[in-house]
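Working notes, beginning with the structure itself.
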Amino acid sequence: MKESKEWVRQPMVDKAADEIVATRGCAVTEVKPYQVAKHLGCEPNISLYAKVRDWRRRRLDEAGTADIEVSPAVEAGFRAILDRQNAEATDHFMQTVRQVGGDLNRAAMLRVANAERRCDEAETETAEVLELCQKAEEELADANVKITALAQALADAQRREDHLRGRLEQCQMDAEAMGAAKPEEAPVEAQSSDEKSTADTPAQQMLGLSDPESDRQ
C-alpha cells in the first residue's frame, strides 16, 4: 500500500485534475478523488477529497452559465416564419433560450451539489468506522499484552508453588525418617501441654518457621 502524502498541496491537485480532464476528455464533475490520487501516486484521504471538491467548485464557477448557441440556419428560419417581425421578437426568443439553458445548468449544479453532499456524508461515516476499527485494534493489542503478562505471572506462580510443595513434601519425608530412626526412645520428662504446643516440628525447623516464643525461652 502506498503511503499517504500529506504534503500534497492544492496547486498540485488542481494540475492533476486538469490533466485528467484534458487526457480523458471528461467533464469536471466526472473527475474522482481516487483518480487524482492515482495520478499523484498517493493514497486518497479526507484532505485530498476536500482539495478535489474545491477544484471542482472553482472550475464550475469559472464555466459560469452555459450559453446555448442558435445556428444561423435556425435563426434565419425563425425570421422567415415571423416574416416582418422586428428584432425585438428575435432578442426575446434568444433570451428565452439562454434562460432555459441556465435553468438546466442550475438544475445540473444542484444535482452535483446533492451528490457531493451524500459523498461527504459517506466519507465522514467511513472515517468514523476506520477510527473505531483502529481503536479496537489498539485495545485488542493492549489486551493481548496484558494476557501475555498474566499468563507469565501465572506460570511463575505455578513454578513457585510446585517448588514449595516439593520442599514441604521433602521436609515431611525427612521428619518421618527422623521419627522412625528413634522408635524406642522414651521422653526423659513429660512436657506440659503449653510446651508441646510451642515445640517446633521438624518440618518447621527445616523451613525456618519456628515459633518466636519458643526461640526466646
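Identifiers for the C-alpha cells are assigned positionally: chains receive A, B, ... in sequence, residues are indexed from 1 per chain, and ligands are indexed from 1 in the order shown.
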
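For A:Leu48, the list of residues within 10 Å, based on only C-alpha atoms and with local chain neighbours fewer than 3 positions off taken out, reads Ser4, Lys5, Glu6, Val8, Arg9, Gln10, Val13, Pro33, Tyr34, Val36, Ala37, Cys42, Glu43, Pro44, Asn45, Lys51, Val52, Arg53 and Asp54 of chain A.
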
Selected residues written out with C-alpha atoms, as a PDB file, in the first residue's frame:
```
ATOM      1  CA  SER A   4      -0.483   8.814   2.002  1.00  0.00           C
ATOM      2  CA  LYS A   5       1.266  12.062   1.155  1.00  0.00           C
ATOM      3  CA  GLU A   6       0.136  14.841   3.490  1.00  0.00           C
ATOM      4  CA  VAL A   8       0.176  17.316  -1.439  1.00  0.00           C
ATOM      5  CA  ARG A   9      -0.879  20.942  -1.946  1.00  0.00           C
ATOM      6  CA  GLN A  10      -3.875  22.461  -3.703  1.00  0.00           C
ATOM      7  CA  VAL A  13      -4.266  18.688  -7.034  1.00  0.00           C
ATOM      8  CA  PRO A  33     -10.597  11.938  -5.962  1.00  0.00           C
ATOM      9  CA  TYR A  34      -9.186   8.425  -6.317  1.00  0.00           C
ATOM     10  CA  VAL A  36      -6.353  12.329  -8.751  1.00  0.00           C
ATOM     11  CA  ALA A  37      -4.656  10.283  -6.017  1.00  0.00           C
ATOM     12  CA  CYS A  42      -0.565   8.669  -3.293  1.00  0.00           C
ATOM     13  CA  GLU A  43      -3.368   7.194  -1.231  1.00  0.00           C
ATOM     14  CA  PRO A  44      -6.694   9.108  -1.174  1.00  0.00           C
ATOM     15  CA  ASN A  45      -7.588  10.666   2.159  1.00  0.00           C
ATOM     16  CA  LYS A  51      -8.982  19.630  -2.333  1.00  0.00           C
ATOM     17  CA  VAL A  52     -10.629  17.857  -5.283  1.00  0.00           C
ATOM     18  CA  ARG A  53     -14.046  19.241  -4.304  1.00  0.00           C
ATOM     19  CA  ASP A  54     -12.556  22.732  -4.062  1.00  0.00           C
TER      20      ASP A  54
END
```

Quick one, how far is atom CA of A:Ala50 from atom CA of A:Glu116? 10.6 Å

Just the number, please: distance in Å from atom CA of A:Gln95 to atom CA of A:Asn114, one decimal. 28.4 Å

For A:Arg57, please output as an NGL selection string all residues within 12 Å (counting only C-alpha atoms; exclusion window: fewer than 5 positions along the same chain). :A and (14 or 28-29 or 31 or 50-52 or 62-64 or 109 or 112-113 or 116)

Could you tell me how far atom CA of A:Arg58 lies from atom CA of A:Leu110, in Å and to one decimal? 15.2 Å
